[in-house]
>>> print(open('coords.cif').read())   # mmCIF, C-alpha atoms and all ligand atoms
data_run
#
loop_
_atom_site.label_atom_id
_atom_site.label_comp_id
_atom_site.auth_asym_id
_atom_site.auth_seq_id
_atom_site.Cartn_x
_atom_site.Cartn_y
_atom_site.Cartn_z
CA MET A 1 16.30 18.42 -16.86
CA ARG A 2 16.10 20.53 -13.73
CA LYS A 3 18.03 19.52 -10.63
CA ILE A 4 16.28 19.50 -7.26
CA ILE A 5 17.84 20.00 -3.84
CA LEU A 6 15.77 19.08 -0.79
CA LYS A 7 17.28 21.13 1.99
CA GLY A 8 17.11 20.81 5.75
CA GLY A 9 14.91 17.72 6.07
CA ARG A 10 15.34 14.62 8.19
CA LEU A 11 16.39 11.96 5.72
CA ILE A 12 15.26 8.46 6.64
CA ASP A 13 16.44 5.69 4.35
CA PRO A 14 16.52 2.20 5.90
CA ALA A 15 18.21 0.79 2.76
CA THR A 16 21.35 2.81 3.53
CA ARG A 17 20.74 2.87 7.30
CA THR A 18 20.43 6.63 7.24
CA ASP A 19 18.49 8.77 9.71
CA ASP A 20 20.07 12.19 9.70
CA TYR A 21 19.68 15.78 8.61
CA ILE A 22 21.16 15.48 5.14
CA ASP A 23 20.33 17.51 2.04
CA LEU A 24 19.37 15.46 -0.99
CA LEU A 25 20.33 16.24 -4.59
CA LEU A 26 18.34 14.82 -7.48
CA ALA A 27 19.72 15.09 -11.01
CA ASN A 28 19.10 13.20 -14.26
CA GLU A 29 16.25 11.22 -12.68
CA ARG A 30 18.65 9.84 -10.07
CA VAL A 31 19.80 10.48 -6.54
CA ALA A 32 23.08 12.30 -7.09
CA LYS A 33 26.21 12.74 -5.02
CA TRP A 34 26.00 15.91 -3.03
CA GLY A 35 28.55 17.65 -0.95
CA GLU A 36 30.69 20.71 -0.50
CA GLY A 37 31.14 22.51 -3.76
CA THR A 38 28.14 21.05 -5.57
CA PRO A 39 27.20 23.90 -7.90
CA VAL A 40 23.76 25.41 -7.42
CA ASP A 41 23.03 26.88 -10.83
CA GLU A 42 19.88 28.52 -12.13
CA ASP A 43 18.56 25.16 -13.27
CA THR A 44 18.51 23.96 -9.67
CA LEU A 45 15.29 24.03 -7.70
CA VAL A 46 16.07 24.36 -4.01
CA ILE A 47 13.21 23.32 -1.74
CA ASP A 48 13.30 24.06 1.97
CA VAL A 49 11.93 20.99 3.73
CA ARG A 50 12.91 21.82 7.30
CA GLY A 51 10.66 20.04 9.80
CA ALA A 52 9.71 17.37 7.29
CA VAL A 53 10.88 13.82 6.74
CA VAL A 54 12.49 12.90 3.42
CA SER A 55 12.13 9.22 2.58
CA PRO A 56 12.41 6.97 -0.45
CA GLY A 57 9.14 7.10 -2.41
CA LEU A 58 6.49 4.88 -0.87
CA VAL A 59 5.63 1.59 -2.56
CA ASP A 60 2.05 0.31 -2.31
CA MET A 61 2.17 -3.31 -3.38
CA HIS A 62 -1.57 -3.95 -3.41
CA VAL A 63 -3.98 -1.67 -5.28
CA HIS A 64 -7.00 -2.14 -7.52
CA LEU A 65 -7.07 0.45 -10.30
CA ARG A 66 -10.25 -0.86 -11.98
CA GLU A 67 -8.98 -0.28 -15.52
CA PRO A 68 -9.87 -1.97 -17.82
CA GLY A 69 -13.56 -2.36 -17.08
CA ARG A 70 -14.66 0.00 -14.34
CA GLU A 71 -13.21 3.35 -15.36
CA ASP A 72 -16.12 5.04 -13.58
CA GLU A 73 -14.58 3.92 -10.25
CA GLU A 74 -10.90 4.52 -11.03
CA THR A 75 -8.51 4.59 -13.96
CA ILE A 76 -4.84 3.79 -14.02
CA GLU A 77 -4.24 7.53 -14.42
CA SER A 78 -6.55 8.70 -11.60
CA GLY A 79 -5.28 5.91 -9.35
CA ALA A 80 -1.70 6.97 -9.98
CA LEU A 81 -2.52 10.60 -9.18
CA ALA A 82 -4.31 9.61 -5.97
CA ALA A 83 -1.32 7.50 -4.98
CA ALA A 84 1.06 10.40 -5.62
CA HIS A 85 -1.22 12.53 -3.41
CA GLY A 86 -0.61 9.96 -0.68
CA GLY A 87 3.18 10.10 -1.11
CA ILE A 88 3.36 6.88 -3.13
CA THR A 89 5.69 6.63 -6.14
CA ALA A 90 5.11 3.00 -7.13
CA VAL A 91 2.08 0.75 -7.00
CA ALA A 92 1.49 -2.85 -7.97
CA ALA A 93 -1.92 -3.22 -9.61
CA MET A 94 -4.03 -6.33 -9.06
CA PRO A 95 -5.34 -8.16 -12.14
CA ASN A 96 -9.01 -8.57 -11.12
CA THR A 97 -10.17 -6.14 -13.78
CA GLU A 98 -12.70 -6.75 -16.57
CA PRO A 99 -11.18 -8.47 -18.46
CA THR A 100 -8.63 -10.09 -16.17
CA ILE A 101 -4.97 -9.20 -16.67
CA ASP A 102 -3.98 -12.69 -17.79
CA THR A 103 -2.27 -12.12 -21.15
CA PRO A 104 1.00 -10.38 -22.08
CA ALA A 105 -0.99 -7.83 -24.10
CA TRP A 106 -2.97 -6.75 -21.03
CA VAL A 107 0.19 -6.62 -18.90
CA GLU A 108 1.68 -4.38 -21.56
CA TYR A 109 -1.49 -2.25 -21.55
CA VAL A 110 -1.21 -1.56 -17.79
CA ARG A 111 2.51 -0.85 -18.04
CA SER A 112 2.26 1.58 -20.92
CA ARG A 113 -0.27 4.10 -19.57
CA GLY A 114 2.38 6.77 -18.98
CA THR A 115 1.34 7.67 -15.44
CA ALA A 116 2.67 10.16 -12.89
CA ILE A 117 4.18 7.35 -10.85
CA ALA A 118 5.37 3.83 -11.60
CA VAL A 119 2.54 1.30 -12.06
CA TYR A 120 3.60 -2.35 -12.00
CA PRO A 121 1.16 -4.96 -13.24
CA ILE A 122 0.46 -8.11 -11.27
CA ALA A 123 -0.82 -10.86 -13.58
CA ALA A 124 -3.39 -13.49 -12.74
CA ILE A 125 -2.40 -16.95 -11.52
CA THR A 126 -5.19 -18.65 -13.44
CA VAL A 127 -6.91 -17.76 -16.71
CA GLY A 128 -9.80 -15.41 -16.02
CA ARG A 129 -9.06 -15.99 -12.32
CA GLY A 130 -11.13 -19.10 -12.78
CA GLY A 131 -8.93 -21.18 -10.52
CA LYS A 132 -8.45 -23.97 -13.07
CA THR A 133 -5.87 -23.28 -15.80
CA LEU A 134 -2.54 -21.62 -15.04
CA THR A 135 -1.66 -18.53 -17.06
CA GLU A 136 1.45 -18.38 -19.27
CA MET A 137 3.65 -17.17 -16.45
CA ALA A 138 6.91 -17.00 -18.39
CA ALA A 139 5.38 -14.81 -21.10
CA LEU A 140 3.61 -12.65 -18.51
CA ALA A 141 6.82 -12.14 -16.53
CA GLU A 142 8.61 -11.32 -19.76
CA ALA A 143 5.94 -8.69 -20.52
CA GLY A 144 6.53 -7.07 -17.14
CA ALA A 145 4.33 -8.78 -14.55
CA VAL A 146 6.07 -8.39 -11.18
CA ALA A 147 4.03 -11.05 -9.38
CA PHE A 148 1.04 -13.36 -9.82
CA SER A 149 -2.23 -13.20 -7.91
CA ASP A 150 -5.89 -14.12 -8.27
CA ASP A 151 -6.63 -11.54 -5.57
CA GLY A 152 -10.30 -10.99 -4.90
CA SER A 153 -10.75 -14.72 -4.92
CA PRO A 154 -8.58 -17.53 -3.58
CA VAL A 155 -7.07 -20.33 -5.64
CA GLU A 156 -9.32 -23.06 -4.26
CA SER A 157 -7.45 -26.09 -5.54
CA ALA A 158 -4.32 -26.94 -3.58
CA THR A 159 -2.97 -28.72 -6.64
CA VAL A 160 -3.35 -25.64 -8.82
CA MET A 161 -1.71 -23.52 -6.11
CA ARG A 162 1.17 -25.97 -5.84
CA ARG A 163 1.78 -25.84 -9.61
CA ALA A 164 1.47 -22.04 -9.56
CA LEU A 165 4.16 -21.79 -6.89
CA GLU A 166 6.43 -24.09 -8.91
CA TYR A 167 6.05 -22.14 -12.15
CA ALA A 168 6.25 -18.71 -10.50
CA SER A 169 9.43 -19.84 -8.80
CA MET A 170 10.90 -20.85 -12.15
CA VAL A 171 10.26 -17.39 -13.60
CA GLY A 172 11.50 -15.69 -10.44
CA ARG A 173 8.27 -14.02 -9.33
CA PRO A 174 6.32 -14.30 -6.06
CA ILE A 175 2.78 -15.62 -5.78
CA ILE A 176 0.59 -13.19 -3.86
CA SER A 177 -2.12 -15.22 -2.21
CA HIS A 178 -5.56 -14.03 -1.19
CA CYS A 179 -6.02 -16.56 1.60
CA GLU A 180 -9.63 -17.48 2.11
CA ASP A 181 -11.55 -20.73 2.44
CA LEU A 182 -14.83 -19.94 0.71
CA ASN A 183 -16.64 -22.79 2.43
CA LEU A 184 -15.87 -21.27 5.80
CA THR A 185 -16.74 -17.76 4.59
CA GLY A 186 -20.07 -18.99 3.30
CA SER A 187 -22.41 -16.04 2.94
CA GLY A 188 -20.70 -14.14 5.77
CA VAL A 189 -20.22 -10.39 5.57
CA MET A 190 -18.41 -9.45 8.80
CA ASN A 191 -16.03 -10.93 11.39
CA GLU A 192 -17.49 -13.64 13.59
CA GLY A 193 -17.76 -12.55 17.20
CA PHE A 194 -19.74 -10.51 19.68
CA ALA A 195 -20.03 -7.63 17.21
CA SER A 196 -21.59 -9.81 14.48
CA THR A 197 -24.11 -11.17 16.97
CA MET A 198 -25.00 -7.64 18.10
CA ALA A 199 -25.18 -6.35 14.53
CA GLY A 200 -27.20 -9.35 13.36
CA LEU A 201 -24.96 -9.78 10.32
CA ARG A 202 -23.78 -13.13 8.92
CA PRO A 203 -20.31 -13.97 10.31
CA ILE A 204 -16.97 -14.91 8.69
CA PRO A 205 -14.71 -16.83 11.10
CA ALA A 206 -11.00 -16.02 11.44
CA ALA A 207 -10.45 -19.65 10.43
CA ALA A 208 -11.61 -18.83 6.89
CA GLU A 209 -8.36 -16.90 6.48
CA GLU A 210 -6.14 -19.01 8.71
CA VAL A 211 -6.73 -22.45 7.15
CA ALA A 212 -5.81 -20.96 3.77
CA VAL A 213 -2.69 -19.29 5.21
CA ALA A 214 -1.65 -22.61 6.73
CA ARG A 215 -2.25 -24.47 3.45
CA ASP A 216 -0.23 -22.03 1.39
CA ILE A 217 2.63 -22.00 3.88
CA ILE A 218 2.79 -25.79 3.63
CA LEU A 219 2.82 -25.52 -0.17
CA ALA A 220 5.55 -22.88 -0.01
CA ARG A 221 7.60 -25.28 2.11
CA THR A 222 6.95 -28.12 -0.33
CA THR A 223 7.92 -26.09 -3.39
CA GLY A 224 10.53 -23.74 -1.94
CA ALA A 225 8.79 -20.94 -3.84
CA ASN A 226 8.34 -17.34 -2.70
CA LEU A 227 4.89 -16.91 -1.21
CA HIS A 228 3.52 -13.51 -0.26
CA ILE A 229 0.31 -13.45 1.75
CA ALA A 230 -1.97 -10.53 1.03
CA HIS A 231 -3.89 -8.53 3.65
CA VAL A 232 -3.19 -10.55 6.81
CA SER A 233 -5.88 -9.65 9.33
CA THR A 234 -5.96 -12.17 12.20
CA ARG A 235 -3.85 -13.09 15.19
CA GLY A 236 -3.74 -16.70 13.99
CA SER A 237 -2.37 -15.70 10.59
CA VAL A 238 0.36 -13.62 12.22
CA GLU A 239 1.31 -16.62 14.38
CA LEU A 240 1.40 -18.96 11.36
CA VAL A 241 3.66 -16.61 9.41
CA ARG A 242 5.91 -16.08 12.41
CA ARG A 243 6.39 -19.82 12.82
CA ALA A 244 6.95 -20.31 9.07
CA LYS A 245 9.66 -17.67 9.06
CA GLU A 246 11.34 -19.29 12.06
CA GLU A 247 11.37 -22.51 10.03
CA GLY A 248 13.06 -20.71 7.14
CA ILE A 249 10.13 -20.94 4.71
CA ALA A 250 10.20 -18.23 2.01
CA VAL A 251 7.05 -16.46 3.10
CA THR A 252 6.38 -12.74 3.37
CA CYS A 253 3.16 -10.94 4.14
CA GLU A 254 1.43 -7.60 4.22
CA THR A 255 -1.34 -6.04 6.23
CA CYS A 256 -3.42 -2.94 5.54
CA PRO A 257 -4.07 0.17 7.64
CA HIS A 258 -7.68 -0.81 8.29
CA TYR A 259 -6.49 -3.94 10.10
CA PHE A 260 -4.56 -1.94 12.68
CA THR A 261 -6.93 1.03 13.01
CA LEU A 262 -10.48 -0.37 12.92
CA THR A 263 -12.27 -3.29 14.56
CA ASP A 264 -15.48 -5.21 13.96
CA ASP A 265 -17.09 -2.81 16.43
CA ASP A 266 -16.85 -0.14 13.72
CA VAL A 267 -19.06 -2.31 11.51
CA ARG A 268 -21.93 -1.93 13.98
CA THR A 269 -22.65 1.45 12.40
CA TYR A 270 -23.58 -0.52 9.23
CA ALA A 271 -21.50 1.95 7.22
CA THR A 272 -20.80 0.12 3.98
CA SER A 273 -17.32 1.69 3.85
CA THR A 274 -16.44 -0.75 6.67
CA ARG A 275 -17.35 -3.78 4.56
CA VAL A 276 -14.05 -5.23 3.41
CA ASN A 277 -12.55 -8.63 2.67
CA PRO A 278 -11.02 -9.98 4.88
CA PRO A 279 -13.40 -8.32 7.33
CA LEU A 280 -12.40 -5.92 10.10
CA ARG A 281 -11.42 -8.09 13.05
CA SER A 282 -11.45 -7.96 16.85
CA ALA A 283 -9.36 -5.75 19.13
CA ALA A 284 -7.19 -8.79 19.96
CA ASP A 285 -6.44 -9.28 16.26
CA VAL A 286 -5.53 -5.60 15.90
CA SER A 287 -3.05 -5.94 18.79
CA ALA A 288 -1.47 -9.02 17.21
CA ILE A 289 -1.13 -7.23 13.86
CA LYS A 290 0.70 -4.38 15.62
CA VAL A 291 3.08 -6.80 17.30
CA GLY A 292 3.70 -8.48 13.94
CA LEU A 293 4.49 -5.14 12.32
CA ALA A 294 6.92 -4.24 15.08
CA ASP A 295 8.75 -7.58 15.30
CA GLY A 296 9.23 -8.13 11.56
CA THR A 297 6.67 -10.92 11.08
CA ILE A 298 4.72 -8.60 8.78
CA ASP A 299 6.88 -7.22 5.96
CA ALA A 300 4.75 -4.56 4.34
CA ILE A 301 1.83 -2.20 4.76
CA ALA A 302 -0.26 -2.03 1.59
CA SER A 303 -3.52 -0.21 1.07
CA ASP A 304 -5.63 -2.78 -0.82
CA HIS A 305 -7.06 0.37 -2.45
CA ALA A 306 -10.46 -0.80 -3.71
CA PRO A 307 -12.52 1.99 -5.24
CA HIS A 308 -16.28 1.53 -5.52
CA SER A 309 -18.90 3.89 -6.91
CA ILE A 310 -21.34 5.67 -4.60
CA GLU A 311 -24.28 3.77 -6.15
CA GLU A 312 -22.64 0.44 -5.38
CA LYS A 313 -21.93 1.34 -1.77
CA GLU A 314 -25.20 3.15 -1.02
CA VAL A 315 -27.09 -0.04 -0.38
CA GLU A 316 -27.69 -2.33 2.61
CA PHE A 317 -24.54 -3.61 4.28
CA ASP A 318 -24.99 -7.19 2.97
CA ALA A 319 -25.42 -6.00 -0.60
CA ALA A 320 -22.42 -3.66 -0.72
CA PRO A 321 -19.26 -4.89 -2.47
CA PRO A 322 -16.28 -5.25 -0.10
CA GLY A 323 -13.39 -2.78 -0.27
CA LEU A 324 -12.31 0.72 0.63
CA ILE A 325 -10.02 3.32 -0.91
CA GLY A 326 -6.64 3.55 0.77
CA THR A 327 -3.66 4.92 -1.12
CA GLU A 328 -4.14 8.47 0.14
CA THR A 329 -4.54 7.53 3.80
CA LEU A 330 -1.85 4.80 3.91
CA LEU A 331 0.88 7.07 5.24
CA PRO A 332 -1.28 9.22 7.58
CA LEU A 333 -2.86 6.16 9.23
CA THR A 334 0.52 4.51 9.69
CA LEU A 335 1.99 7.67 11.22
CA THR A 336 -1.02 8.23 13.47
CA HIS A 337 -1.72 4.70 14.66
CA LEU A 338 1.73 3.11 14.68
CA VAL A 339 4.42 5.80 14.92
CA GLU A 340 2.65 8.42 17.03
CA SER A 341 1.55 5.68 19.46
CA GLY A 342 5.12 4.40 19.76
CA THR A 343 4.40 0.94 18.27
CA ILE A 344 7.08 1.35 15.59
CA THR A 345 9.75 3.91 14.73
CA LEU A 346 9.66 6.22 11.73
CA GLY A 347 12.45 4.13 10.21
CA ARG A 348 10.42 0.93 10.54
CA ALA A 349 7.42 2.71 9.00
CA VAL A 350 9.50 3.63 5.95
CA GLU A 351 10.76 0.06 5.74
CA LEU A 352 7.19 -1.28 5.80
CA MET A 353 5.88 1.18 3.20
CA SER A 354 8.88 1.38 0.88
CA THR A 355 12.08 -0.64 1.36
CA ASP A 356 10.53 -4.04 2.03
CA PRO A 357 7.65 -4.08 -0.48
CA ALA A 358 10.14 -2.95 -3.16
CA SER A 359 12.42 -5.82 -2.30
CA ILE A 360 9.56 -8.38 -2.22
CA LEU A 361 8.54 -7.31 -5.73
CA GLY A 362 12.12 -6.95 -6.95
CA ILE A 363 11.50 -3.44 -8.30
CA PRO A 364 14.05 -0.60 -8.33
CA HIS A 365 12.47 1.49 -5.56
CA GLY A 366 12.78 1.89 -1.82
CA SER A 367 16.26 3.37 -1.56
CA LEU A 368 17.90 6.78 -1.62
CA ALA A 369 21.37 5.39 -2.21
CA GLU A 370 23.42 7.36 -4.71
CA GLY A 371 22.38 6.39 -8.23
CA SER A 372 18.89 5.24 -7.18
CA ARG A 373 15.84 6.30 -9.09
CA ALA A 374 14.86 9.82 -7.94
CA ASP A 375 11.63 8.79 -6.20
CA VAL A 376 11.17 10.71 -2.99
CA THR A 377 8.39 11.31 -0.49
CA VAL A 378 8.50 14.34 1.76
CA PHE A 379 6.04 14.22 4.63
CA ASP A 380 5.16 16.32 7.62
CA PRO A 381 4.82 13.85 10.51
CA ASP A 382 3.25 16.38 12.87
CA TRP A 383 0.52 17.96 10.81
CA ALA A 384 -2.89 17.31 12.42
CA TRP A 385 -5.67 17.45 9.84
CA GLU A 386 -9.18 16.16 9.27
CA VAL A 387 -9.97 13.76 6.44
CA SER A 388 -12.74 15.12 4.24
CA GLU A 389 -14.44 13.56 1.24
CA ASP A 390 -13.36 16.31 -1.14
CA TRP A 391 -9.71 15.92 -0.13
CA PHE A 392 -9.46 12.59 -1.99
CA LEU A 393 -8.22 12.62 -5.57
CA SER A 394 -9.42 9.06 -6.15
CA LYS A 395 -12.50 8.87 -8.36
CA SER A 396 -14.19 6.94 -5.56
CA LYS A 397 -14.86 8.16 -2.02
CA ASN A 398 -15.51 4.95 -0.09
CA SER A 399 -13.31 5.66 2.91
CA PRO A 400 -14.32 4.86 6.49
CA PHE A 401 -11.84 7.50 7.68
CA ILE A 402 -13.75 10.56 6.47
CA GLY A 403 -14.22 12.89 9.44
CA ARG A 404 -11.28 11.49 11.40
CA THR A 405 -8.39 13.63 12.56
CA LEU A 406 -5.04 12.16 11.59
CA ARG A 407 -1.50 13.27 12.23
CA GLY A 408 0.98 13.57 9.37
CA ARG A 409 0.72 13.42 5.62
CA ALA A 410 2.71 13.76 2.41
CA VAL A 411 3.52 17.31 1.30
CA LEU A 412 5.72 16.60 -1.72
CA THR A 413 6.03 13.57 -3.98
CA ILE A 414 8.78 13.25 -6.55
CA SER A 415 8.78 10.50 -9.18
CA ARG A 416 11.81 10.09 -11.45
CA GLY A 417 13.01 13.55 -10.53
CA GLU A 418 9.67 15.24 -11.37
CA ILE A 419 7.33 16.75 -8.79
CA VAL A 420 4.08 14.79 -9.16
CA PHE A 421 2.35 16.16 -6.07
CA GLU A 422 3.00 19.27 -4.04
CA GLU A 423 0.85 20.39 -1.12
CA PRO A 424 -0.61 23.76 -2.12
CA GLY A 425 0.05 26.49 0.41
CA ALA A 426 2.34 24.34 2.51
CA ALA A 427 4.50 27.35 3.25
CA HIS A 428 1.58 29.14 4.89
CA ARG A 429 1.07 26.36 7.37
CA ALA A 430 4.45 26.91 8.95
CA GLY A 431 3.21 29.62 11.28
CA GLU A 432 -0.13 27.98 12.05
CA THR A 433 0.74 24.51 13.17
CA HIS A 434 4.27 24.71 14.46
CA GLU A 435 6.26 26.69 16.93
CA GLU A 436 9.05 28.98 15.88
CA GLY A 437 12.59 27.83 16.10
CA GLU A 438 14.07 24.48 15.35
CA HIS A 439 10.81 23.02 14.11
CA HIS A 440 9.92 24.84 10.94
CA ALA A 441 7.35 22.35 9.65
CA ALA A 442 7.25 21.17 6.12
CA GLU A 443 7.75 24.67 4.95
CA LEU A 444 8.04 24.28 1.24
CA SER A 445 9.71 27.53 0.37
CA VAL A 446 10.87 27.12 -3.15
CA HIS A 447 13.88 28.99 -4.48
CA ALA A 448 14.49 28.69 -8.17
ZN ZN B 501 -7.66 -9.95 -1.57
#
>>> encode(input="coords.cif", output="C-alpha cells")
Amino acid sequence: MRKIILKGGRLIDPATRTDDYIDLLLANERVAKWGEGTPVDEDTLVIDVRGAVVSPGLVDMHVHLREPGREDEETIESGALAAAHGGITAVAAMPNTEPTIDTPAWVEYVRSRGTAIAVYPIAAITVGRGGKTLTEMAALAEAGAVAFSDDGSPVESATVMRRALEYASMVGRPIISHCEDLNLTGSGVMNEGFASTMAGLRPIPAAAEEVAVARDIILARTTGANLHIAHVSTRGSVELVRRAKEEGIAVTCETCPHYFTLTDDDVRTYATSTRVNPPLRSAADVSAIKVGLADGTIDAIASDHAPHSIEEKEVEFDAAPPGLIGTETLLPLTLTHLVESGTITLGRAVELMSTDPASILGIPHGSLAEGSRADVTVFDPDWAWEVSEDWFLSKSKNSPFIGRTLRGRAVLTISRGEIVFEEPGAAHRAGETHEEGEHHAAELSVHA
C-alpha cells in the first residue's frame, strides 16, 4: 500500500499534547515514525498541506443513518461518505432504524457494510426501543455494539434505566441517554419562552430535559455505571452535569452545533429545518453551553445527524419530524462559532470532536500517536465559504445552515491510510483566499 506524507501542516493532536508544524507519515494503515532519513520512494504520496491543520480523524458519536428502513433518506454508505466530506473518520450510528438494532445480527449488519469510514453500531437498550424489556447486552456487545441507547425516545421507567445501567456496566459499555420527560414535553414542538408565545407554537419546557438528566445522574450514582447524556441543550442540564462531575459520578455528555449556533428565535421563521429534539433553546442556554464546552463540563460535540426527506419536511412546522443533517457542517460550525469567536482553542475543538468521543466509546480513534490507525483530517480553518444545498453529499438536505457563510472546513479526509475525501481544486484556492508568504492555505499540491 502507498505511503502518504502530509507536509508543512500544523499538527494538532491533544492525545499526544502536540501542536506544532510536524510532517506526518502514514504507512501500512498506521501513523508511522518519521524523521531524518525516512526514504521517500515512488510509492510515497507527498501532499503539501501548508496553511492547514492536521488532526486525528474526527469522531461523530451520534448519527442516524436510517438504514435499515429509510434508505430513501440515508444509507450507511451515503452517510459514511457525507461524514468523510465533513472530515469525520468514525461515526457511531443510533439504533432507531426500522427494524431497531436490537439483535446481534443487526449489529453485525451495520458493522459489515464496508464503508469509506468506520461505522460503529450503537444497540438499543430495550427491545424494539419499547422501554420495557432489556436487550441481550452481552451478546450485542460481543457482536460489536459500542454503546446502548434508545435515542429518539427516552427510557421512561426509572427501574428499567437502573437495570440497563447495571447490565451495561457489566459488559463495559456506556448507556447513552436521550433525556426527556414525555409528560412535560406533551405535544410541544419548540422551546418554551417568549419566542414560542410570539410564534404561537406549543412549547416544550427546559424542565422536560432537565428532570430526566437529574434522574439519570442519580441512577448513575446509584449504579456506578458510565452514563453519557446525548444532546445537552439547556443551562440547567449543563449545571447538573457540572455538579455530578464535581461529585465524581461517571457521567459524560455531548452537545450539538445547533445548540451553540441557533436559538428559539430562529424557529420564528417556521422553517421546518429548525424543528429538532431537544428544541433550539434561548440565548442564555446557548451561552451556558459555550461555557460548558470551554470548561470541560461538556465532553463532546456530536452532530445528531438526522436526515429527513423533502416530502416529510415540506409540511407545517407542527407536522414536520424533528431533526437536521449535521455531519458535514459539524467542523465548520465549531470552527466558526467557537474557535473563531475565541470561546475555545483549536486544540480543545479537536478534543471535543475526536479525542474525547473516541475515549468515551472506547474505540481506537482520536490520536496521531505513532502506531495509531491512520485516520487523519486536514482542514483549512480560514476558508470562508457559503453553505449551499448542492454542496451536501447526504441524501437529505434538511439543514438550517443553507445560505450561511462559515469559516473553515475539511479539505482532506484519510481513513485507514486511504484518501476518502479530497477537496477538488483545493490548490487553486491558494491564490484566491490567502495572502502570499507564510500562509499558503490548504494548498493540496500532490507530488507522487
Ligand atoms: Zn435523541
>>> residues_near_ligand(input="coords.cif", ligand="ligand ZN 501 (chain B)", cutoff="7 Å", atoms="only C-alpha atoms and all ligand atoms", output="list in words")
Asp151, Gly152, Ser153, His178, Ala230, His231 and Asn277 of chain A
>>> closest_residue(input="coords.cif", among="A:Leu134, A:Ile204, A:Ile229, A:Leu331", to="Ile176 in chain A", atoms="all atoms listed in the file")
A:Ile229
>>> closest_residue(input="coords.cif", among="A:Trp34, A:Phe194, A:Tyr259, A:Trp383", to="Ala302 in chain A", atoms="all atoms listed in the file")
A:Tyr259
>>> atom_distance(input="coords.cif", atom1="CA of Gly8 in chain A", atom2="CA of Ala52 in chain A")
8.3 Å
>>> residues_around(input="coords.cif", residues="range 232-249 of chain A", least_positions_apart="2", cutoff="8 Å", atoms="all atoms listed in the file", output="ChimeraX atom specification")
/A:206,209-210,213-214,217,220-221,224,229-230,251-256,259,278-281,284-286,288-289,292,297-298
>>> residues_around(input="coords.cif", residues="Leu324 in chain A", least_positions_apart="2", cutoff="8 Å", atoms="only C-alpha atoms", output="VMD selection string")
chain A and resid 273 to 276 304 to 308 322 326 398 to 400
>>> closest_residue(input="coords.cif", among="A:Ile310, A:Leu6, A:Ala139, A:Ala294", to="Leu45 in chain A", atoms="only C-alpha atoms")
A:Leu6
>>> closest_residue(input="coords.cif", among="A:Ile12, A:Ala143, A:Ile402, A:Ala369", to="Thr345 in chain A", atoms="only C-alpha atoms")
A:Ile12
>>> residues_near_point(input="coords.cif", point="(-6.3, 4.4, -12.5)", cutoff="9 Å", atoms="only C-alpha atoms", output="PyMOL selection string")
chain A and resi 64-67+71+73-82+115+394-395
>>> residues_around(input="coords.cif", residues="range 415-424 of chain A", least_positions_apart="2", cutoff="8 Å", atoms="all atoms listed in the file", output="CSV table (one decimal) with C-alpha atoms, in the coordinates of the input")
chain,number,residue,atom,x,y,z
A,3,LYS,CA,18.0,19.5,-10.6
A,4,ILE,CA,16.3,19.5,-7.3
A,26,LEU,CA,18.3,14.8,-7.5
A,27,ALA,CA,19.7,15.1,-11.0
A,28,ASN,CA,19.1,13.2,-14.3
A,29,GLU,CA,16.2,11.2,-12.7
A,30,ARG,CA,18.6,9.8,-10.1
A,57,GLY,CA,9.1,7.1,-2.4
A,81,LEU,CA,-2.5,10.6,-9.2
A,84,ALA,CA,1.1,10.4,-5.6
A,85,HIS,CA,-1.2,12.5,-3.4
A,87,GLY,CA,3.2,10.1,-1.1
A,89,THR,CA,5.7,6.6,-6.1
A,116,ALA,CA,2.7,10.2,-12.9
A,117,ILE,CA,4.2,7.4,-10.8
A,118,ALA,CA,5.4,3.8,-11.6
A,373,ARG,CA,15.8,6.3,-9.1
A,374,ALA,CA,14.9,9.8,-7.9
A,375,ASP,CA,11.6,8.8,-6.2
A,376,VAL,CA,11.2,10.7,-3.0
A,410,ALA,CA,2.7,13.8,2.4
A,411,VAL,CA,3.5,17.3,1.3
A,412,LEU,CA,5.7,16.6,-1.7
A,413,THR,CA,6.0,13.6,-4.0
A,426,ALA,CA,2.3,24.3,2.5
>>> build_atoms(input="coords.cif", residues="range 381-390 of chain A", atoms="N, CA and C atoms", output="compact mmCIF listing (two decimals), in the frame of the given file")
# COMPACT_ATOMS: atom_id res chain seq x y z
N PRO A 381 5.35 14.85 9.57
CA PRO A 381 4.82 13.85 10.51
C PRO A 381 3.95 14.45 11.61
N ASP A 382 3.93 15.76 11.73
CA ASP A 382 3.25 16.38 12.87
C ASP A 382 1.95 17.09 12.52
N TRP A 383 1.66 17.18 11.25
CA TRP A 383 0.52 17.96 10.81
C TRP A 383 -0.80 17.26 11.17
N ALA A 384 -1.57 17.86 12.07
CA ALA A 384 -2.89 17.31 12.42
C ALA A 384 -3.92 17.88 11.47
N TRP A 385 -4.72 17.01 10.87
CA TRP A 385 -5.67 17.45 9.84
C TRP A 385 -6.86 16.51 9.84
N GLU A 386 -7.99 17.00 9.29
CA GLU A 386 -9.18 16.16 9.27
C GLU A 386 -9.45 15.65 7.85
N VAL A 387 -9.70 14.36 7.75
CA VAL A 387 -9.97 13.76 6.44
C VAL A 387 -11.36 14.18 5.97
N SER A 388 -11.43 14.74 4.77
CA SER A 388 -12.74 15.12 4.24
C SER A 388 -12.92 14.46 2.87
N GLU A 389 -14.15 14.28 2.49
CA GLU A 389 -14.44 13.56 1.24
C GLU A 389 -13.80 14.27 0.04
N ASP A 390 -13.87 15.60 0.04
CA ASP A 390 -13.36 16.31 -1.14
C ASP A 390 -11.83 16.40 -1.19
